[in-house]
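Right, one structure below, let's go through it.
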2 protein chains.
Amino acid sequence: MEYLAELTDKGRQAKQAARKLATLSTAAKNQGLAAMANALEEHTAEILAANAIDVQNGKAKGMSASIVDRLMLNEARIAAMAEGLRQIISLPDPIGEVLGMQRRPNGLDIGKMRVPLGVIGIIYEARPNVTVDAAGLCLKSGNACILRGGSEAIYSNTVIVQVLTAASQKEGIPQGSVQLIETTDRQAVNALLRLNQYVDVIIPRGGAGLIKMVVENSTVPVIETGTGICHTFIDASADVEMASRIAFNAKVSRPAVCNSMETLLVHQAVAATLLPQLLADYHQAGVELRGCLETVKHHSAVQIATEEDWATEYHDLILSVKVVADMDEALEHIAAYSTRHSEAIVTSNYANGRRFLQEVDAAAVYINASTRFTDGFEFGFGAEIGISTQKMHARGPMGLPELTSTKYIIYGDGQIR
Amino acid sequence: MEYLAELTDKGRQAKQAARKLATLSTAAKNQGLAAMANALEEHTAEILAANAIDVQNGKAKGMSASIVDRLMLNEARIAAMAEGLRQIISLPDPIGEVLGMQRRPNGLDIGKMRVPLGVIGIIYEARPNVTVDAAGLCLKSGNACILRGGSEAIYSNTVIVQVLTAASQKEGIPQGSVQLIETTDRQAVNALLRLNQYVDVIIPRGGAGLIKMVVENSTVPVIETGTGICHTFIDASADVEMASRIAFNAKVSRPAVCNSMETLLVHQAVAATLLPQLLADYHQAGVELRGCLETVKHHSAVQIATEEDWATEYHDLILSVKVVADMDEALEHIAAYSTRHSEAIVTSNYANGRRFLQEVDAAAVYINASTRFTDGFEFGFGAEIGISTQKMHARGPMGLPELTSTKYIIYGDGQIR
């Protein structure tokens, strides 16, 4: 039960830090961020040494080459982490903004002020850069954070958090603002998920298994981040060249991320014009193709899709393709299989575009663009802590404002009720 | 396991209804609300007959007079429920509002549109008026709802929901928009809390026990509504007459509600001037007084407060009073015991007022007014589904906009990444 003592202690420290962080000036927070960025660069050798242990342990355990690559740091990657912190400095501080104020008939002035969430628990997997990123975004938004990285990165994360906290505390950032759970005991995650007394929100960042485990076990409110079964529907009226370009990009540009397309829906009226060339392009790009009985007619490489294919996020160069009779069928398919992340229509028809935007229920709904744009940077937020696929609190890419809450502030002159 | 079949069926129907509700016009929803209001009045006799059974059963079970009173309906109460629905008609429809749209450098126009949450589960206790209220607010905001009222009101609620759904369906409101869980099996609540496939949000409305049970058992996201240990701090510079008026009102005007004051904090510099008369006024109004060692000196009726008193929401004519050395002590006390609902300072000092607003972490923070104003109607929302005391999604009184989510809508002309 050692982990419980560690967590309670960290929870208490985070809560205390959060009270101070909530009223820290933007200048003070930016000074902390700058010190953190410089410290990462200054301690590059130490961080690389710790990371080498993680990498060695991972290889000894038979970790796959792609996970080792995500885990491994080098000078350039550490410089990029520092650069990420410096970019956060340049972002506007959301805290203290008053979102409108109105005067009531009794003379009370009632406004809504942005305040930090408080203490944020972040649970994530292999990449050590998430440690720096999360610490920076939480600090700028006035939140304390308790980080739980993957056990495979524990040496890297421990040194990184030591470097960040030593540097920021020298600049007056309160102790407890950024903490890492040091035990790799798996029970510690469960304890964090039930630390309601100290933790205001849990944000899991990782695969579907991690997210599901967190949602099912947490009594602390959770912001679910995203699995993405994203669709592109090519309408009868679509410009074939544009539709092909968007559909190709949505699948091929980066298949491992959540905003990439998993299923292409094609109106039967354009299937014969569009599919032969597009399927050939996919095939040439190494995409494994699975399609409905109509689709298979248009390219010899297409395998018959199973029911499971429509419900799978491949995260890979695999694509399901379905020819639909009309827009109704496309909307029904999306309603049935979408994970409500990003959905797109390619069309030249005004009414169909408008209908798609209105009826499709997803964090981001596109007309005539690739779903790959669902991203905090592409949306102009300058940062991203994750992409929420739930409807409460925040939906879609989350930047700094999504890491805040509000409080009502009321100015009176003696009003009673 | 019959309840599981009922819940799955209701969940599926609600989800289907929610898709249609999301795109229903404001006019259509208002027509449904009007029909519901009229139907309640037309079926007054049936509703009263069902309610009489609930009241009789309650009395037979030895229900307290105050709970019987909350449960009991009469013509006036039914008319008030209908009037409540008509007021919802006059409120602006939040759905479809676009909260800003910006053009990105690549020409994409990205906006954020208000959409319904989807399916809302509402779990509440004795009052049958909550049934009507919740159904009306959910319909206007385009959400389907699954209602779980207290078993003591099951006959009343069943008839009310039948009346509401029959009337609204005639006006084209989809079947499944408003449903009541009919089984009184307690397991049904647990099943509802885990119906993630169909339910988007759970809102519990009731006592601390209900809320705690829901938070601990729900895998569906929860909006916690509120217990209130609210404080009023009378600063050294406070106008004594104003301070007394506010402090008296905050406790006495309606002690059973969550926004009433439980603890009065008095700066030592004004204790001798303010407390003797104020404590006498409380005593005269029947308020039981519990105080710190300083407070007891100012009125003979004051009992010594225990540690537990500071941490209790009395919901009654009982008040804890503490004399504090300075504002720091007041802020520490509030940070330690507040449930973050509503907190007030009475002061004439600019810096202290500003500091209180900044530093106190609560859904509503007041300068020179009674905490009793924390309420959707007083805040001008025209409606209230509850008062959120959590930081995620919505905080403070929740009106129609708090029953919505958003989605990003993106207009492109062929952009790829």
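Letters A, B, ... go to the chains of the structure tokens in the order shown; residues in each chain start at 1; ligands are counted from 1 in the same order.
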Query - Interface list for chain B, partner chain A, 7 Å threshold, only C-alpha atoms, as a ChimeraX atom specification - result: /B:23,117,215-216,219,221,242,246,249,357-359,362-370,372-373,391-393,395,405-417
Query raised in the report: Counting only C-alpha atoms, what is within 8 Å of Ala39 (chain B), bar same-chain residues fewer than 2 positions away, as a ChimeraX atom specification?
Result: /B:35-37,41-43,163-164,167
Just-selected residues, all heavy atoms written as a compact mmCIF listing (two decimals), in the first residue's frame:
```txt
# COMPACT_ATOMS: atom_id res chain seq x y z
N ALA B 35 -48.25 21.73 -26.29
CA ALA B 35 -49.18 20.61 -26.18
C ALA B 35 -49.03 19.90 -24.84
O ALA B 35 -50.00 19.48 -24.21
CB ALA B 35 -48.94 19.63 -27.34
N MET B 36 -47.79 19.78 -24.38
CA MET B 36 -47.54 19.15 -23.08
C MET B 36 -48.18 19.95 -21.95
O MET B 36 -48.81 19.39 -21.04
CB MET B 36 -46.03 19.01 -22.87
CG MET B 36 -45.38 17.90 -23.71
SD MET B 36 -43.57 18.09 -23.97
CE MET B 36 -42.94 17.89 -22.32
N ALA B 37 -48.05 21.25 -22.02
CA ALA B 37 -48.62 22.11 -20.98
C ALA B 37 -50.14 21.97 -20.95
O ALA B 37 -50.74 21.77 -19.88
CB ALA B 37 -48.22 23.57 -21.22
N GLU B 41 -52.91 20.15 -17.93
CA GLU B 41 -54.11 20.75 -17.35
C GLU B 41 -55.35 19.92 -17.67
O GLU B 41 -56.21 19.71 -16.81
CB GLU B 41 -54.24 22.19 -17.86
CG GLU B 41 -53.16 23.08 -17.23
CD GLU B 41 -53.14 24.49 -17.80
OE1 GLU B 41 -53.64 24.70 -18.93
OE2 GLU B 41 -52.61 25.37 -17.12
N GLU B 42 -55.40 19.42 -18.91
CA GLU B 42 -56.58 18.63 -19.29
C GLU B 42 -56.68 17.32 -18.51
O GLU B 42 -57.78 16.80 -18.30
CB GLU B 42 -56.52 18.30 -20.80
CG GLU B 42 -56.90 19.48 -21.69
CD GLU B 42 -56.34 19.33 -23.10
OE1 GLU B 42 -56.00 18.19 -23.51
OE2 GLU B 42 -56.21 20.38 -23.78
N HIS B 43 -55.54 16.78 -18.13
CA HIS B 43 -55.57 15.49 -17.43
C HIS B 43 -55.34 15.64 -15.93
O HIS B 43 -54.85 14.72 -15.28
CB HIS B 43 -54.53 14.55 -18.04
CG HIS B 43 -54.86 14.13 -19.43
ND1 HIS B 43 -54.58 14.92 -20.52
CD2 HIS B 43 -55.50 13.04 -19.93
CE1 HIS B 43 -54.98 14.32 -21.63
NE2 HIS B 43 -55.56 13.18 -21.29
N VAL B 163 -49.02 11.29 -20.10
CA VAL B 163 -49.72 12.48 -20.59
C VAL B 163 -48.79 13.32 -21.48
O VAL B 163 -49.17 13.76 -22.58
CB VAL B 163 -50.25 13.31 -19.40
CG1 VAL B 163 -50.70 14.70 -19.85
CG2 VAL B 163 -51.38 12.56 -18.70
N LEU B 164 -47.56 13.52 -21.03
CA LEU B 164 -46.61 14.35 -21.78
C LEU B 164 -46.28 13.72 -23.14
O LEU B 164 -46.22 14.41 -24.16
CB LEU B 164 -45.31 14.55 -20.99
CG LEU B 164 -45.40 15.33 -19.67
CD1 LEU B 164 -44.01 15.41 -19.03
CD2 LEU B 164 -45.96 16.73 -19.88
N ALA B 167 -49.27 13.69 -25.70
CA ALA B 167 -49.54 15.02 -26.25
C ALA B 167 -48.44 15.47 -27.20
O ALA B 167 -48.71 16.03 -28.28
CB ALA B 167 -49.68 16.02 -25.10
```
Report task. List every residue of region 6-209 of chain B that DSSP, applied to the backbone of this structure, places in helix (DSSP H, G or I), and write the result as JSON, numbers by chain. Result -> {"B": [6, 7, 8, 9, 10, 11, 12, 13, 14, 15, 16, 17, 18, 19, 20, 21, 26, 27, 28, 29, 30, 31, 32, 33, 34, 35, 36, 37, 38, 39, 40, 41, 42, 44, 45, 46, 47, 48, 49, 50, 51, 52, 53, 54, 55, 56, 57, 58, 59, 60, 65, 66, 67, 68, 69, 70, 71, 75, 76, 77, 78, 79, 80, 81, 82, 83, 84, 85, 86, 87, 88, 89, 90, 129, 130, 131, 132, 133, 134, 135, 136, 137, 138, 139, 140, 151, 152, 153, 154, 155, 156, 157, 158, 159, 160, 161, 162, 163, 164, 165, 166, 167, 168, 169, 170, 187, 188, 189, 190, 191, 192, 193, 208, 209]}
Query raised in the report: Near Gln284 (chain B), counting only C-alpha atoms, which residues have an atom at most 12 Å away, once you skip same-chain residues fewer than 6 positions from it, shown as a PyMOL selection string?
Result: chain B and resi 248+252+277-278+299+301+317
Taking C-alpha atoms for each residue, export the selection above as a PDB file, in the first residue's frame.
```pdb
ATOM      1  CA  PHE B 248     -29.467  37.324   8.269  1.00  0.00           C
ATOM      2  CA  VAL B 252     -32.998  32.694   7.504  1.00  0.00           C
ATOM      3  CA  GLN B 277     -27.426  42.351  17.850  1.00  0.00           C
ATOM      4  CA  LEU B 278     -27.098  39.916  14.918  1.00  0.00           C
ATOM      5  CA  HIS B 299     -24.791  35.853  23.154  1.00  0.00           C
ATOM      6  CA  ALA B 301     -27.708  31.112  23.430  1.00  0.00           C
ATOM      7  CA  LEU B 317     -32.216  26.874  11.057  1.00  0.00           C
TER       8      LEU B 317
END
```
Report task. Select from region 161-237 of chain A everything DSSP, run on the backbone, classes as strand (DSSP E or B), then give the selection as a PyMOL selection string. Result -> chain A and resi 178-180+201-205+222+225+230-234
Could you write those residues out with all heavy atoms, as a tab-separated table (two decimals), in the first residue's frame?
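See result04.tsv below for the written result:
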```
chain	number	residue	atom	x	y	z
A	178	VAL	N	3.97	20.29	-10.61
A	178	VAL	CA	4.15	19.20	-11.58
A	178	VAL	C	4.73	18.01	-10.82
A	178	VAL	O	5.81	18.11	-10.24
A	178	VAL	CB	5.13	19.60	-12.70
A	178	VAL	CG1	5.34	18.43	-13.67
A	178	VAL	CG2	4.64	20.83	-13.44
A	179	GLN	N	4.01	16.93	-10.76
A	179	GLN	CA	4.50	15.76	-10.06
A	179	GLN	C	4.32	14.52	-10.92
A	179	GLN	O	3.36	14.41	-11.67
A	179	GLN	CB	3.75	15.56	-8.74
A	179	GLN	CG	3.97	16.68	-7.74
A	179	GLN	CD	3.14	16.47	-6.50
A	179	GLN	OE1	3.58	15.87	-5.53
A	179	GLN	NE2	1.92	16.98	-6.52
A	180	LEU	N	5.25	13.59	-10.76
A	180	LEU	CA	5.17	12.32	-11.48
A	180	LEU	C	4.92	11.22	-10.45
A	180	LEU	O	5.52	11.23	-9.38
A	180	LEU	CB	6.51	12.06	-12.19
A	180	LEU	CG	6.62	10.76	-12.99
A	180	LEU	CD1	5.86	10.87	-14.30
A	180	LEU	CD2	8.10	10.43	-13.25
A	201	VAL	N	-9.89	16.43	-12.40
A	201	VAL	CA	-10.15	15.85	-13.72
A	201	VAL	C	-9.05	14.86	-14.07
A	201	VAL	O	-7.89	15.08	-13.73
A	201	VAL	CB	-10.16	16.94	-14.83
A	201	VAL	CG1	-10.49	16.34	-16.18
A	201	VAL	CG2	-11.12	18.06	-14.50
A	202	ILE	N	-9.43	13.79	-14.75
A	202	ILE	CA	-8.44	12.84	-15.29
A	202	ILE	C	-8.50	12.90	-16.81
A	202	ILE	O	-9.58	12.87	-17.41
A	202	ILE	CB	-8.79	11.39	-14.87
A	202	ILE	CG1	-8.75	11.21	-13.35
A	202	ILE	CG2	-7.88	10.39	-15.58
A	202	ILE	CD1	-7.39	11.02	-12.76
A	203	ILE	N	-7.34	13.03	-17.44
A	203	ILE	CA	-7.27	12.97	-18.90
A	203	ILE	C	-6.38	11.79	-19.30
A	203	ILE	O	-5.18	11.82	-19.06
A	203	ILE	CB	-6.71	14.28	-19.51
A	203	ILE	CG1	-7.54	15.49	-19.05
A	203	ILE	CG2	-6.67	14.19	-21.03
A	203	ILE	CD1	-7.03	16.82	-19.56
A	204	PRO	N	-6.97	10.75	-19.87
A	204	PRO	CA	-6.14	9.66	-20.37
A	204	PRO	C	-5.71	9.95	-21.80
A	204	PRO	O	-6.50	10.46	-22.60
A	204	PRO	CB	-7.09	8.46	-20.33
A	204	PRO	CG	-8.47	9.04	-20.49
A	204	PRO	CD	-8.41	10.48	-20.02
A	205	ARG	N	-4.47	9.67	-22.12
A	205	ARG	CA	-3.99	9.82	-23.50
A	205	ARG	C	-3.36	8.51	-23.92
A	205	ARG	O	-2.31	8.14	-23.38
A	205	ARG	CB	-2.95	10.94	-23.60
A	205	ARG	CG	-3.57	12.31	-23.47
A	205	ARG	CD	-2.52	13.39	-23.65
A	205	ARG	NE	-1.85	13.34	-24.93
A	205	ARG	CZ	-1.05	14.29	-25.39
A	205	ARG	NH1	-0.83	15.38	-24.66
A	205	ARG	NH2	-0.48	14.18	-26.56
A	222	VAL	N	-13.74	12.35	-16.01
A	222	VAL	CA	-12.76	12.01	-17.04
A	222	VAL	C	-13.06	12.80	-18.31
A	222	VAL	O	-14.22	13.00	-18.66
A	222	VAL	CB	-12.84	10.50	-17.38
A	222	VAL	CG1	-11.94	10.14	-18.56
A	222	VAL	CG2	-12.49	9.67	-16.17
A	225	THR	N	-10.38	10.97	-24.45
A	225	THR	CA	-9.75	11.40	-25.70
A	225	THR	C	-9.77	10.23	-26.65
A	225	THR	O	-9.92	9.09	-26.26
A	225	THR	CB	-8.31	11.88	-25.48
A	225	THR	OG1	-7.54	10.78	-24.98
A	225	THR	CG2	-8.27	13.02	-24.49
A	230	CYS	N	-13.15	7.41	-38.58
A	230	CYS	CA	-13.58	8.58	-39.35
A	230	CYS	C	-13.98	8.15	-40.76
A	230	CYS	O	-13.32	7.29	-41.36
A	230	CYS	CB	-12.44	9.59	-39.42
A	230	CYS	SG	-11.80	10.06	-37.80
A	231	HIS	N	-15.04	8.78	-41.26
A	231	HIS	CA	-15.54	8.47	-42.60
A	231	HIS	C	-15.40	9.67	-43.53
A	231	HIS	O	-15.45	10.82	-43.07
A	231	HIS	CB	-17.03	8.11	-42.54
A	231	HIS	CG	-17.35	6.95	-41.65
A	231	HIS	ND1	-17.36	7.06	-40.27
A	231	HIS	CD2	-17.64	5.65	-41.93
A	231	HIS	CE1	-17.66	5.87	-39.75
A	231	HIS	NE2	-17.83	5.01	-40.73
A	232	THR	N	-15.25	9.37	-44.82
A	232	THR	CA	-15.41	10.41	-45.84
A	232	THR	C	-16.50	9.94	-46.77
A	232	THR	O	-16.43	8.80	-47.28
A	232	THR	CB	-14.10	10.63	-46.62
A	232	THR	OG1	-13.07	10.97	-45.69
A	232	THR	CG2	-14.25	11.74	-47.65
A	233	PHE	N	-17.52	10.77	-46.97
A	233	PHE	CA	-18.61	10.41	-47.89
A	233	PHE	C	-18.48	11.24	-49.15
A	233	PHE	O	-18.49	12.47	-49.12
A	233	PHE	CB	-19.97	10.67	-47.22
A	233	PHE	CG	-21.13	10.61	-48.19
A	233	PHE	CD1	-21.31	9.51	-49.04
A	233	PHE	CD2	-22.04	11.66	-48.27
A	233	PHE	CE1	-22.36	9.46	-49.94
A	233	PHE	CE2	-23.11	11.62	-49.18
A	233	PHE	CZ	-23.27	10.51	-50.02
A	234	ILE	N	-18.36	10.54	-50.27
A	234	ILE	CA	-18.28	11.23	-51.55
A	234	ILE	C	-19.66	11.21	-52.19
A	234	ILE	O	-20.19	10.15	-52.56
A	234	ILE	CB	-17.22	10.57	-52.45
A	234	ILE	CG1	-15.87	10.68	-51.72
A	234	ILE	CG2	-17.18	11.25	-53.82
A	234	ILE	CD1	-14.72	10.07	-52.44
```
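If you measure from each of B:Leu71, B:Ile229, B:Ile154, B:Ala351 to Asp309 (chain B) using only C-alpha atoms, the closest one turns out to be B:Ile229.
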